[in-house]
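Here is the file entry19.pdb (PDB, C-alpha atoms and all ligand atoms).
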MODEL        1
ATOM      1  CA  MET A   1     -18.198 -15.278  -6.624
ATOM      2  CA  HIS A   2     -19.917 -16.294  -3.440
ATOM      3  CA  PRO A   3     -22.129 -13.914  -1.401
ATOM      4  CA  GLU A   4     -20.640 -15.112   1.902
ATOM      5  CA  ARG A   5     -17.117 -14.444   0.673
ATOM      6  CA  PHE A   6     -17.132 -10.700   0.368
ATOM      7  CA  GLU A   7     -13.680 -10.481  -1.180
ATOM      8  CA  SER A   8     -14.977 -12.564  -4.104
ATOM      9  CA  TRP A   9     -17.475  -9.890  -5.113
ATOM     10  CA  LEU A  10     -15.982  -6.733  -3.587
ATOM     11  CA  ALA A  11     -12.497  -6.849  -4.963
ATOM     12  CA  ILE A  12      -9.534  -4.501  -4.757
ATOM     13  CA  ASP A  13      -8.133  -3.895  -8.208
ATOM     14  CA  THR A  14      -5.621  -1.369  -9.500
ATOM     15  CA  ARG A  15      -8.168   1.438  -9.316
ATOM     16  CA  GLY A  16      -9.649   0.720  -5.917
ATOM     17  CA  LEU A  17     -12.689  -1.105  -4.586
ATOM     18  CA  TYR A  18     -14.700  -2.829  -7.318
ATOM     19  CA  CYS A  19     -18.149  -4.378  -6.972
ATOM     20  CA  ARG A  20     -18.091  -7.205  -9.495
ATOM     21  CA  PRO A  21     -21.797  -8.137  -9.716
ATOM     22  CA  GLY A  22     -22.652  -4.417  -9.931
ATOM     23  CA  GLY A  23     -19.930  -3.526 -12.426
ATOM     24  CA  PHE A  24     -18.827  -0.336 -10.647
ATOM     25  CA  HIS A  25     -15.998   1.065  -8.524
ATOM     26  CA  ILE A  26     -16.482   2.915  -5.252
ATOM     27  CA  ASP A  27     -14.390   6.112  -4.903
ATOM     28  CA  PRO A  28     -11.785   4.888  -7.428
ATOM     29  CA  HIS A  29      -8.504   6.775  -7.460
ATOM     30  CA  SER A  30      -8.095   6.716 -11.232
ATOM     31  CA  PRO A  31     -10.607   7.043 -14.078
ATOM     32  CA  VAL A  32     -13.102   4.191 -14.537
ATOM     33  CA  ASN A  33     -16.198   3.514 -16.582
ATOM     34  CA  ARG A  34     -18.675   3.489 -13.679
ATOM     35  CA  ALA A  35     -18.029   5.053 -10.298
ATOM     36  CA  VAL A  36     -20.188   5.401  -7.217
ATOM     37  CA  ILE A  37     -18.856   8.282  -5.118
ATOM     38  CA  THR A  38     -19.326   8.619  -1.357
ATOM     39  CA  HIS A  39     -18.509  12.341  -1.155
ATOM     40  CA  ALA A  40     -16.758  15.167  -2.952
ATOM     41  CA  HIS A  41     -13.426  15.337  -1.065
ATOM     42  CA  SER A  42     -10.564  15.003  -3.517
ATOM     43  CA  ASP A  43      -9.251  11.704  -2.144
ATOM     44  CA  HIS A  44     -12.638  10.115  -2.935
ATOM     45  CA  ALA A  45     -13.964  12.074  -5.903
ATOM     46  CA  ARG A  46     -11.477  12.143  -8.752
ATOM     47  CA  ALA A  47     -11.922  13.614 -12.189
ATOM     48  CA  GLY A  48     -12.226  11.626 -15.401
ATOM     49  CA  HIS A  49     -14.798   8.886 -14.754
ATOM     50  CA  ASP A  50     -17.209   8.148 -17.595
ATOM     51  CA  HIS A  51     -20.287   7.697 -15.390
ATOM     52  CA  VAL A  52     -20.811   8.803 -11.809
ATOM     53  CA  LEU A  53     -23.581   7.906  -9.409
ATOM     54  CA  ALA A  54     -23.877   9.998  -6.229
ATOM     55  CA  THR A  55     -26.175  12.270  -4.275
ATOM     56  CA  ARG A  56     -27.264  15.497  -5.946
ATOM     57  CA  GLU A  57     -25.177  17.477  -3.468
ATOM     58  CA  THR A  58     -22.022  15.454  -4.158
ATOM     59  CA  LEU A  59     -22.475  15.844  -7.908
ATOM     60  CA  ALA A  60     -22.889  19.623  -7.493
ATOM     61  CA  LEU A  61     -19.751  19.842  -5.342
ATOM     62  CA  MET A  62     -17.785  17.697  -7.810
ATOM     63  CA  LYS A  63     -18.835  19.985 -10.627
ATOM     64  CA  THR A  64     -17.708  23.032  -8.658
ATOM     65  CA  ARG A  65     -14.370  21.529  -7.651
ATOM     66  CA  LEU A  66     -13.489  19.516 -10.759
ATOM     67  CA  GLY A  67     -15.273  21.449 -13.499
ATOM     68  CA  THR A  68     -17.354  18.416 -14.370
ATOM     69  CA  ALA A  69     -18.535  15.447 -12.306
ATOM     70  CA  ALA A  70     -18.268  12.874 -15.121
ATOM     71  CA  LYS A  71     -17.221  12.690 -18.762
ATOM     72  CA  LEU A  72     -20.328  10.985 -20.119
ATOM     73  CA  GLY A  73     -23.108  11.044 -17.591
ATOM     74  CA  THR A  74     -24.195  11.437 -14.006
ATOM     75  CA  GLN A  75     -26.992   9.806 -12.093
ATOM     76  CA  THR A  76     -28.494  11.176  -8.912
ATOM     77  CA  LEU A  77     -29.576   8.888  -6.128
ATOM     78  CA  PRO A  78     -31.271  10.569  -3.163
ATOM     79  CA  TYR A  79     -30.705   9.198   0.348
ATOM     80  CA  GLY A  80     -32.907   6.204   1.085
ATOM     81  CA  GLU A  81     -33.903   5.348  -2.482
ATOM     82  CA  THR A  82     -32.871   1.993  -3.862
ATOM     83  CA  LEU A  83     -31.506   1.455  -7.351
ATOM     84  CA  GLN A  84     -30.760  -1.745  -9.233
ATOM     85  CA  VAL A  85     -27.225  -1.604 -10.652
ATOM     86  CA  GLY A  86     -26.228  -4.713 -12.553
ATOM     87  CA  ASP A  87     -27.074  -7.615 -10.247
ATOM     88  CA  VAL A  88     -26.918  -5.635  -6.993
ATOM     89  CA  THR A  89     -29.091  -3.007  -5.364
ATOM     90  CA  VAL A  90     -27.536   0.249  -4.216
ATOM     91  CA  THR A  91     -28.899   2.578  -1.541
ATOM     92  CA  LEU A  92     -27.237   5.720  -0.199
ATOM     93  CA  ALA A  93     -27.468   6.533   3.504
ATOM     94  CA  PRO A  94     -26.329   9.786   5.173
ATOM     95  CA  ALA A  95     -22.746   9.626   6.473
ATOM     96  CA  GLY A  96     -22.812  12.925   8.413
ATOM     97  CA  HIS A  97     -19.371  13.894   7.075
ATOM     98  CA  VAL A  98     -19.901  16.777   4.628
ATOM     99  CA  LEU A  99     -22.746  17.982   2.407
ATOM    100  CA  GLY A 100     -23.991  15.089   0.280
ATOM    101  CA  SER A 101     -21.778  12.477   1.958
ATOM    102  CA  ALA A 102     -23.200   8.987   1.736
ATOM    103  CA  GLN A 103     -22.562   5.469   2.864
ATOM    104  CA  ILE A 104     -22.938   3.086  -0.050
ATOM    105  CA  VAL A 105     -25.215   0.172   0.850
ATOM    106  CA  ILE A 106     -24.848  -2.755  -1.553
ATOM    107  CA  GLU A 107     -27.022  -5.854  -1.424
ATOM    108  CA  TRP A 108     -26.329  -9.028  -3.340
ATOM    109  CA  ARG A 109     -27.925 -12.419  -2.822
ATOM    110  CA  GLY A 110     -29.098 -11.771   0.706
ATOM    111  CA  ARG A 111     -25.846 -10.194   1.915
ATOM    112  CA  ARG A 112     -25.437  -6.524   2.716
ATOM    113  CA  ALA A 113     -22.203  -4.569   2.563
ATOM    114  CA  VAL A 114     -21.919  -0.963   3.724
ATOM    115  CA  ILE A 115     -19.046   1.185   2.496
ATOM    116  CA  SER A 116     -19.159   4.034   4.971
ATOM    117  CA  GLY A 117     -16.812   6.441   3.210
ATOM    118  CA  ASP A 118     -15.736   9.111   5.689
ATOM    119  CA  TYR A 119     -18.251   9.629   8.458
ATOM    120  CA  LYS A 120     -18.895  11.129  11.845
ATOM    121  CA  ARG A 121     -21.681  10.746  14.368
ATOM    122  CA  SER A 122     -21.465  14.066  16.167
ATOM    123  CA  ALA A 123     -23.947  16.823  15.369
ATOM    124  CA  ASP A 124     -23.378  19.033  12.343
ATOM    125  CA  PRO A 125     -25.916  21.708  11.414
ATOM    126  CA  THR A 126     -24.927  21.496   7.739
ATOM    127  CA  ASN A 127     -25.624  17.780   7.330
ATOM    128  CA  PRO A 128     -28.288  15.176   7.963
ATOM    129  CA  PRO A 129     -27.008  12.903  10.753
ATOM    130  CA  PHE A 130     -25.188   9.614  10.144
ATOM    131  CA  GLU A 131     -27.673   6.812   9.713
ATOM    132  CA  LEU A 132     -26.840   3.433  11.159
ATOM    133  CA  VAL A 133     -27.361   0.639   8.604
ATOM    134  CA  PRO A 134     -27.218  -2.937   9.920
ATOM    135  CA  CYS A 135     -25.002  -5.012   7.642
ATOM    136  CA  ASP A 136     -22.852  -8.126   7.237
ATOM    137  CA  LEU A 137     -19.740  -6.327   6.016
ATOM    138  CA  LEU A 138     -18.733  -2.822   7.060
ATOM    139  CA  VAL A 139     -15.964  -0.996   5.254
ATOM    140  CA  THR A 140     -14.982   1.755   7.669
ATOM    141  CA  GLU A 141     -12.544   4.636   7.630
ATOM    142  CA  ALA A 142      -9.920   4.890  10.369
ATOM    143  CA  THR A 143      -8.556   8.440  10.196
ATOM    144  CA  PHE A 144      -8.646   8.900  13.989
ATOM    145  CA  ALA A 145      -8.523   5.251  14.998
ATOM    146  CA  LEU A 146      -6.541   5.558  18.194
ATOM    147  CA  PRO A 147      -8.059   5.702  21.679
ATOM    148  CA  VAL A 148      -6.298   9.050  22.259
ATOM    149  CA  PHE A 149      -8.625  10.663  19.734
ATOM    150  CA  SER A 150     -11.740  11.902  21.402
ATOM    151  CA  HIS A 151     -13.161  14.930  19.646
ATOM    152  CA  GLY A 152     -15.551  16.280  22.271
ATOM    153  CA  ASP A 153     -18.281  18.800  21.561
ATOM    154  CA  ALA A 154     -17.558  21.156  18.667
ATOM    155  CA  ARG A 155     -19.733  23.818  20.302
ATOM    156  CA  GLY A 156     -17.265  24.062  23.177
ATOM    157  CA  GLU A 157     -14.484  24.777  20.672
ATOM    158  CA  VAL A 158     -16.582  27.460  18.997
ATOM    159  CA  ALA A 159     -17.127  29.025  22.428
ATOM    160  CA  LYS A 160     -13.319  29.178  22.815
ATOM    161  CA  LEU A 161     -13.035  31.064  19.552
ATOM    162  CA  LEU A 162     -15.736  33.549  20.572
ATOM    163  CA  LYS A 163     -14.094  34.035  23.953
ATOM    164  CA  SER A 164     -10.772  34.770  22.297
ATOM    165  CA  LEU A 165     -12.459  37.394  20.098
ATOM    166  CA  LYS A 166     -13.727  39.150  23.212
ATOM    167  CA  GLN A 167     -10.320  38.939  24.825
ATOM    168  CA  PHE A 168      -8.438  40.227  21.781
ATOM    169  CA  PRO A 169     -10.850  42.564  19.992
ATOM    170  CA  GLU A 170      -8.063  44.188  17.967
ATOM    171  CA  ARG A 171      -6.746  40.984  16.453
ATOM    172  CA  ALA A 172      -7.982  39.291  13.283
ATOM    173  CA  HIS A 173      -8.712  35.675  14.125
ATOM    174  CA  VAL A 174      -7.474  33.695  11.144
ATOM    175  CA  VAL A 175      -8.872  30.167  11.330
ATOM    176  CA  GLY A 176      -7.524  27.391   9.121
ATOM    177  CA  VAL A 177     -10.371  25.248   7.804
ATOM    178  CA  TYR A 178     -10.723  22.657   5.067
ATOM    179  CA  GLY A 179     -12.654  24.176   2.197
ATOM    180  CA  LEU A 180     -15.343  21.557   1.896
ATOM    181  CA  GLY A 181     -17.162  20.724   5.085
ATOM    182  CA  LYS A 182     -15.184  22.192   7.956
ATOM    183  CA  CYS A 183     -15.494  25.728   6.637
ATOM    184  CA  GLN A 184     -19.279  25.611   6.363
ATOM    185  CA  ARG A 185     -19.739  23.658   9.584
ATOM    186  CA  LEU A 186     -17.692  26.202  11.536
ATOM    187  CA  ILE A 187     -19.687  29.067  10.034
ATOM    188  CA  ALA A 188     -22.993  27.330  10.875
ATOM    189  CA  LEU A 189     -21.807  26.601  14.432
ATOM    190  CA  LEU A 190     -20.807  30.245  14.883
ATOM    191  CA  ARG A 191     -24.250  31.325  13.694
ATOM    192  CA  GLU A 192     -25.896  28.842  16.063
ATOM    193  CA  ALA A 193     -23.860  30.353  18.879
ATOM    194  CA  GLY A 194     -25.351  33.754  18.028
ATOM    195  CA  TYR A 195     -22.438  35.269  16.087
ATOM    196  CA  VAL A 196     -24.021  37.591  13.497
ATOM    197  CA  GLU A 197     -21.030  39.612  12.255
ATOM    198  CA  PRO A 198     -19.825  39.115   8.679
ATOM    199  CA  ILE A 199     -17.338  36.256   8.361
ATOM    200  CA  TYR A 200     -14.427  36.900   6.019
ATOM    201  CA  LEU A 201     -13.338  34.228   3.549
ATOM    202  CA  HIS A 202     -10.119  33.500   1.709
ATOM    203  CA  GLY A 203     -10.964  33.335  -2.001
ATOM    204  CA  ALA A 204     -10.452  29.571  -2.162
ATOM    205  CA  LEU A 205     -13.368  28.978   0.207
ATOM    206  CA  ALA A 206     -16.139  30.890  -1.532
ATOM    207  CA  ALA A 207     -17.236  28.375  -4.171
ATOM    208  CA  CYS A 208     -18.122  25.509  -1.804
ATOM    209  CA  CYS A 209     -19.980  27.929   0.476
ATOM    210  CA  GLU A 210     -22.113  28.919  -2.491
ATOM    211  CA  VAL A 211     -22.980  25.285  -3.175
ATOM    212  CA  TYR A 212     -24.024  24.820   0.460
ATOM    213  CA  GLU A 213     -26.201  27.923   0.256
ATOM    214  CA  SER A 214     -27.768  26.686  -2.981
ATOM    215  CA  PHE A 215     -28.927  23.632  -1.024
ATOM    216  CA  GLY A 216     -30.589  25.834   1.579
ATOM    217  CA  ILE A 217     -27.886  25.878   4.247
ATOM    218  CA  GLU A 218     -27.802  29.391   5.628
ATOM    219  CA  LEU A 219     -24.362  30.750   6.381
ATOM    220  CA  GLY A 220     -25.229  34.394   7.067
ATOM    221  CA  ALA A 221     -23.125  37.332   5.889
ATOM    222  CA  LEU A 222     -19.901  36.252   4.169
ATOM    223  CA  LYS A 223     -17.361  38.684   2.737
ATOM    224  CA  PRO A 224     -14.151  38.248   0.769
ATOM    225  CA  ALA A 225     -11.095  38.845   2.967
ATOM    226  CA  THR A 226      -9.091  40.100   0.031
ATOM    227  CA  GLY A 227      -9.802  43.742  -0.493
ATOM    228  CA  ALA A 228     -11.329  44.223   2.959
ATOM    229  CA  LYS A 229     -10.012  47.236   4.858
ATOM    230  CA  ARG A 230      -7.531  46.570   7.637
ATOM    231  CA  GLU A 231      -9.793  48.362  10.079
ATOM    232  CA  GLU A 232     -12.709  46.050   9.172
ATOM    233  CA  LEU A 233     -10.635  42.952   9.877
ATOM    234  CA  LYS A 234      -9.710  43.952  13.431
ATOM    235  CA  GLY A 235     -11.522  41.564  15.712
ATOM    236  CA  ALA A 236     -13.047  39.747  12.736
ATOM    237  CA  ILE A 237     -13.130  36.025  11.977
ATOM    238  CA  VAL A 238     -11.243  35.236   8.794
ATOM    239  CA  LEU A 239     -11.398  31.703   7.412
ATOM    240  CA  ALA A 240      -8.614  30.402   5.211
ATOM    241  CA  PRO A 241      -7.355  27.060   3.896
ATOM    242  CA  PRO A 242      -4.852  25.484   6.331
ATOM    243  CA  SER A 243      -1.990  26.123   3.910
ATOM    244  CA  ALA A 244      -2.682  29.863   3.926
ATOM    245  CA  ILE A 245      -2.581  30.473   7.670
ATOM    246  CA  ALA A 246       1.203  30.232   7.875
ATOM    247  CA  GLU A 247       1.770  32.187   4.673
ATOM    248  CA  ARG A 248       2.262  35.817   3.832
ATOM    249  CA  TRP A 249      -1.435  35.976   3.157
ATOM    250  CA  SER A 250      -2.310  35.867   6.836
ATOM    251  CA  ARG A 251       0.446  38.314   7.776
ATOM    252  CA  ARG A 252      -1.515  40.987   5.947
ATOM    253  CA  MET A 253      -4.175  40.652   8.616
ATOM    254  CA  PRO A 254      -4.076  43.069  11.548
ATOM    255  CA  ASP A 255      -2.109  41.307  14.332
ATOM    256  CA  ALA A 256      -3.314  37.886  13.175
ATOM    257  CA  LEU A 257      -4.144  35.310  15.816
ATOM    258  CA  THR A 258      -3.975  31.942  14.107
ATOM    259  CA  ALA A 259      -6.384  29.140  14.887
ATOM    260  CA  PHE A 260      -6.936  25.808  13.185
ATOM    261  CA  ALA A 261     -10.092  23.691  13.295
ATOM    262  CA  SER A 262      -9.160  20.032  12.926
ATOM    263  CA  GLY A 263      -9.309  16.714  14.718
ATOM    264  CA  TRP A 264      -5.503  16.782  14.628
ATOM    265  CA  MET A 265      -5.510  19.673  17.058
ATOM    266  CA  ARG A 266      -5.975  17.077  19.790
ATOM    267  CA  VAL A 267      -2.252  16.496  19.289
ATOM    268  CA  ARG A 268      -0.528  19.503  20.875
ATOM    269  CA  ALA A 269       2.691  18.911  18.962
ATOM    270  CA  ARG A 270       0.831  19.291  15.670
ATOM    271  CA  ALA A 271      -0.592  22.624  16.747
ATOM    272  CA  ARG A 272       2.833  23.853  17.831
ATOM    273  CA  GLN A 273       4.428  22.603  14.625
ATOM    274  CA  ARG A 274       1.989  24.623  12.572
ATOM    275  CA  GLY A 275       2.399  27.681  14.768
ATOM    276  CA  VAL A 276      -1.256  27.576  15.792
ATOM    277  CA  GLU A 277      -2.040  29.816  18.751
ATOM    278  CA  LEU A 278      -5.599  28.637  19.206
ATOM    279  CA  PRO A 279      -6.132  24.946  18.357
ATOM    280  CA  LEU A 280      -9.806  24.022  17.893
ATOM    281  CA  VAL A 281     -10.595  20.309  18.044
ATOM    282  CA  ILE A 282     -13.363  20.091  15.475
ATOM    283  CA  SER A 283     -13.385  16.995  13.311
ATOM    284  CA  ASP A 284     -15.561  15.763  10.479
ATOM    285  CA  HIS A 285     -14.326  12.205  11.061
ATOM    286  CA  ALA A 286     -15.409   9.700  13.674
ATOM    287  CA  ASP A 287     -13.196   9.503  16.751
ATOM    288  CA  TRP A 288     -12.169   6.225  18.409
ATOM    289  CA  ARG A 289     -15.421   5.857  20.342
ATOM    290  CA  GLU A 290     -17.588   6.600  17.324
ATOM    291  CA  LEU A 291     -15.641   4.109  15.205
ATOM    292  CA  THR A 292     -15.866   1.253  17.706
ATOM    293  CA  ARG A 293     -19.490   2.037  18.546
ATOM    294  CA  THR A 294     -20.417   1.999  14.854
ATOM    295  CA  ILE A 295     -18.682  -1.314  14.300
ATOM    296  CA  HIS A 296     -20.662  -2.832  17.174
ATOM    297  CA  GLU A 297     -23.987  -1.285  16.294
ATOM    298  CA  THR A 298     -24.010  -2.349  12.636
ATOM    299  CA  GLY A 299     -23.778  -5.962  13.784
ATOM    300  CA  ALA A 300     -21.312  -6.628  10.984
ATOM    301  CA  HIS A 301     -19.246  -9.747  11.449
ATOM    302  CA  GLU A 302     -16.636  -8.655   8.971
ATOM    303  CA  ILE A 303     -14.937  -5.245   9.022
ATOM    304  CA  TRP A 304     -12.592  -3.835   6.430
ATOM    305  CA  VAL A 305     -10.556  -0.809   7.446
ATOM    306  CA  THR A 306      -9.226   1.992   5.214
ATOM    307  CA  HIS A 307      -7.450   5.352   5.709
ATOM    308  CA  GLY A 308      -4.189   4.719   7.439
ATOM    309  CA  ARG A 309      -4.185   4.016  11.137
ATOM    310  CA  GLU A 310      -5.606   0.486  10.931
ATOM    311  CA  ASP A 311      -3.587  -1.416  13.532
ATOM    312  CA  ALA A 312      -5.348  -0.424  16.742
ATOM    313  CA  LEU A 313      -8.777  -0.747  15.184
ATOM    314  CA  LEU A 314      -7.982  -4.158  13.664
ATOM    315  CA  HIS A 315      -6.800  -5.320  17.052
ATOM    316  CA  HIS A 316     -10.054  -4.128  18.591
ATOM    317  CA  ILE A 317     -12.103  -5.830  15.862
ATOM    318  CA  GLN A 318     -10.318  -9.143  16.282
ATOM    319  CA  SER A 319     -10.515  -9.015  20.063
ATOM    320  CA  THR A 320     -14.312  -8.788  19.783
ATOM    321  CA  GLY A 321     -14.507 -11.961  17.682
ATOM    322  CA  ARG A 322     -15.003 -10.250  14.340
ATOM    323  CA  VAL A 323     -13.082 -10.690  11.133
ATOM    324  CA  GLY A 324     -10.931  -7.662  10.357
ATOM    325  CA  ARG A 325      -8.960  -6.783   7.256
ATOM    326  CA  ALA A 326      -6.816  -3.793   6.344
ATOM    327  CA  LEU A 327      -7.646  -2.448   2.924
ATOM    328  CA  ALA A 328      -4.646  -0.818   1.373
ATOM    329  CA  LEU A 329      -6.309   1.675  -0.905
ATOM    330  CA  ILE A 330      -3.864   3.756  -2.853
ATOM    331  CA  GLY A 331      -4.256   7.499  -2.898
ATOM    332  CA  ARG A 332      -6.287   7.779   0.285
ATOM    333  CA  GLU A 333      -4.826  10.576   2.276
ATOM    334  CA  ASP A 334      -6.960  12.665   4.470
ATOM    335  CA  GLU A 335      -7.465  15.872   2.628
ATOM    336  CA  GLU A 336      -9.659  16.990   5.421
ATOM    337  CA  SER A 337      -9.922  16.134   9.027
TER
HETATM  338 ZN    ZN B 401     -13.786  13.144   3.410
HETATM  339 ZN    ZN B 402     -11.286  10.512   3.094
ENDMDL
END
Translate the structure of the given file into structure tokens.
Ligand SMILES: [Zn+2]
Ligand SMILES: [Zn+2]
Amino acid sequence: MHPERFESWLAIDTRGLYCRPGGFHIDPHSPVNRAVITHAHSDHARAGHDHVLATRETLALMKTRLGTAAKLGTQTLPYGETLQVGDVTVTLAPAGHVLGSAQIVIEWRGRRAVISGDYKRSADPTNPPFELVPCDLLVTEATFALPVFSHGDARGEVAKLLKSLKQFPERAHVVGVYGLGKCQRLIALLREAGYVEPIYLHGALAACCEVYESFGIELGALKPATGAKREELKGAIVLAPPSAIAERWSRRMPDALTAFASGWMRVRARARQRGVELPLVISDHADWRELTRTIHETGAHEIWVTHGREDALLHHIQSTGRVGRALALIGREDEES
């Protein structure tokens, strides 16, 4: 192992990214002895690890979603505190993605690597903002790594939803949202915009909302959609997992108007394909400008790219004189966007 040669001490093995001098995996896709977890989305936080290190929020969300965060033990590391793990030090920095999401900062022999996990740099009332950490190696996601992806201001999208409610006061507005992150962010943005009515939830969304509330994030009045009277749901906002908006479930709603809050809604064809009447471009991932800006601002000379669309970003990285590498990590599909 040599500190200057990152691939000698941050290796890809059959379970994912492994920090050799620290003796732990980062977001491994199958059970390991020691895992450090960036955030609780299912493509990063899997069940069955012996020991898990993460923020308190991530551990709470893992427990809610998986039943238990680890088989043998968990360790909490708050943002900004440094911990010695094996021969390396580990610090967690806010990633701005979902509650508890962290960038993993690893230092070994004078070199610093940052594994960003999923991140975004736009404002989110449910999350501390992304913190820029200067580093030598940045491992970045690339979910929306094409110049066409520019997410814009989420508040403008929320205004569209509120306008539609005024225009169609008899219709239930059924909005597809990912259960962890997007759901709570949309609720908080609606509250910020002055919407005080109860928001109705599909049953699958309640548990994560409760975790957010337990960490002091106020979501206002939430009600279960199931069992609500038809009359009540006229002109109401009903949040549901994306899979439910096209199903029978949403047809029970009075004259449902379907919306979907996702970075993918930038692509009109995707919205049409899903039968979405009101696409809302709200993303919890960095867009092209945020990705390239982050790469520049960290000062990292070497950039490793995960999560699919690597080509354009690698080209950009190489054209700016940096070393770029595509990390083929198995089992990394965007659960949430
Ligand atoms: Zn994620
Ligand atoms: Zn992810």
Inset, instruction - Name the residues in contact with stretch 252-258 of chain A at a cut-off of 7 Å, using only C-alpha atoms, excluding same-chain residues fewer than 4 positions from it; report them as a PyMOL selection string. - result: chain A and resi 171-175+230+233-234+245+248+276-278
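Using all atoms listed in the file for every distance, the candidate list A:Asp13, A:Asp136, A:Asp43, A:Glu131 yields A:Asp43 as the residue closest to ligand ZN 401 (chain B).
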Inset, instruction - Step by step, work through what the PyMOL selection byres (((chain A and resi 69) around 12) and not hetatm) selects in the shown file, and finish by giving those residues as number ranges by chain. - result: A: 31, 35-37, 39-40, 42, 45-68, 70-76
Inset, instruction - Taking the file above as input, evaluate the PyMOL selection byres (((chain A and resi 9) around 12) and not hetatm) and report the hits as a VMD selection string. - result: chain A and resid 1 to 8 10 to 13 17 to 25 87 to 88 106 to 109 111 to 113 137
Filtering to C-alpha atoms, could you give me those residues as an mmCIF file, in the coordinates of the input?
data_model
loop_
_atom_site.group_PDB
_atom_site.id
_atom_site.type_symbol
_atom_site.label_atom_id
_atom_site.label_comp_id
_atom_site.auth_asym_id
_atom_site.auth_seq_id
_atom_site.Cartn_x
_atom_site.Cartn_y
_atom_site.Cartn_z
ATOM 1 C CA MET A 1 -18.198 -15.278 -6.624
ATOM 2 C CA HIS A 2 -19.917 -16.294 -3.440
ATOM 3 C CA PRO A 3 -22.129 -13.914 -1.401
ATOM 4 C CA GLU A 4 -20.640 -15.112 1.902
ATOM 5 C CA ARG A 5 -17.117 -14.444 0.673
ATOM 6 C CA PHE A 6 -17.132 -10.700 0.368
ATOM 7 C CA GLU A 7 -13.680 -10.481 -1.180
ATOM 8 C CA SER A 8 -14.977 -12.564 -4.104
ATOM 9 C CA LEU A 10 -15.982 -6.733 -3.587
ATOM 10 C CA ALA A 11 -12.497 -6.849 -4.963
ATOM 11 C CA ILE A 12 -9.534 -4.501 -4.757
ATOM 12 C CA ASP A 13 -8.133 -3.895 -8.208
ATOM 13 C CA LEU A 17 -12.689 -1.105 -4.586
ATOM 14 C CA TYR A 18 -14.700 -2.829 -7.318
ATOM 15 C CA CYS A 19 -18.149 -4.378 -6.972
ATOM 16 C CA ARG A 20 -18.091 -7.205 -9.495
ATOM 17 C CA PRO A 21 -21.797 -8.137 -9.716
ATOM 18 C CA GLY A 22 -22.652 -4.417 -9.931
ATOM 19 C CA GLY A 23 -19.930 -3.526 -12.426
ATOM 20 C CA PHE A 24 -18.827 -0.336 -10.647
ATOM 21 C CA HIS A 25 -15.998 1.065 -8.524
ATOM 22 C CA ASP A 87 -27.074 -7.615 -10.247
ATOM 23 C CA VAL A 88 -26.918 -5.635 -6.993
ATOM 24 C CA ILE A 106 -24.848 -2.755 -1.553
ATOM 25 C CA GLU A 107 -27.022 -5.854 -1.424
ATOM 26 C CA TRP A 108 -26.329 -9.028 -3.340
ATOM 27 C CA ARG A 109 -27.925 -12.419 -2.822
ATOM 28 C CA ARG A 111 -25.846 -10.194 1.915
ATOM 29 C CA ARG A 112 -25.437 -6.524 2.716
ATOM 30 C CA ALA A 113 -22.203 -4.569 2.563
ATOM 31 C CA LEU A 137 -19.740 -6.327 6.016
#
Inset, instruction - Give the answer as one residue: which of A:Tyr212, A:Phe130, A:Tyr178, A:Phe168 has the shortest atom-to-atom distance to ligand ZN 401 (chain B), using only C-alpha atoms and all ligand atoms? - result: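 Closest to ligand ZN 401 (chain B) of all the choices is A:Tyr178.
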Inset, instruction - Calculate how many Å separate atom CA of A:Val281 from atom CA of A:Ala145, rounding to one decimal. - result: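 So the answer is 15.5 Å.
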Legend entry - Best match for closeness to ligand ZN 401 (chain B) among A:His307, A:Arg325, A:Arg251, A:His151, counting only C-alpha atoms and all ligand atoms: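 Of A:His307, A:Arg325, A:Arg251, A:His151, the one nearest ligand ZN 401 (chain B) is A:His307, counting only C-alpha atoms and all ligand atoms.
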Inset, instruction - Name the residues in contact with A:Asp118 at a cut-off of 7 Å, using only C-alpha atoms, excluding same-chain residues fewer than 4 positions from it; report them as a PyMOL selection string. - result: chain A and resi 97+141+285
Taking C-alpha atoms for each residue, export the selection above as a PDB file, keeping the file's coordinate frame.
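Dumped to out_9.pdb:
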ATOM      1  CA  HIS A  97     -19.371  13.894   7.075  1.00  0.00           C
ATOM      2  CA  GLU A 141     -12.544   4.636   7.630  1.00  0.00           C
ATOM      3  CA  HIS A 285     -14.326  12.205  11.061  1.00  0.00           C
TER       4      HIS A 285
END
Inset, instruction - Mind giving me the straight-line distance from atom CA of A:Pro129 to atom CA of A:Ala240 in Å, one decimal? - result: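 We find that atom CA of A:Pro129 and atom CA of A:Ala240 lie 26.0 Å from each other.
Distance annotation: of A:Pro224, A:Gly117, A:Pro94, A:Gly110, the residue with the minimal separation from ligand ZN 402 (chain B) is A:Gly117; atom set is only C-alpha atoms and all ligand atoms.
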Residues of stretch 230-272 of chain A that have any atom at most 9 Å from an atom of stretch 161-167 of chain A: could you tabulate them with the shortest-distance atom pair and the distance in Å to one decimal, using all atoms listed in the file, ordered by chain and increasing number, as JSON lines?
{"residue": "A:Gly235", "atom": "CA", "partner": "A:Leu165", "partner_atom": "CA", "distance": 6.1}
{"residue": "A:Ala236", "atom": "CA", "partner": "A:Leu165", "partner_atom": "CA", "distance": 7.8}
{"residue": "A:Ile237", "atom": "CA", "partner": "A:Leu165", "partner_atom": "CA", "distance": 8.3}
{"residue": "A:Ala259", "atom": "CA", "partner": "A:Leu161", "partner_atom": "CA", "distance": 8.3}
Legend entry - Result set of the PyMOL selection byres (((chain A and resi 297) around 12) and not hetatm) on the coordinates above, as a PyMOL selection string: chain A and resi 131-136+138+289-296+298-301
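Proximity to ligand ZN 402 (chain B) was assessed for A:Arg34, A:His316, A:Arg121, A:His41 counting only C-alpha atoms and all ligand atoms; the smallest distance is recorded for A:His41.
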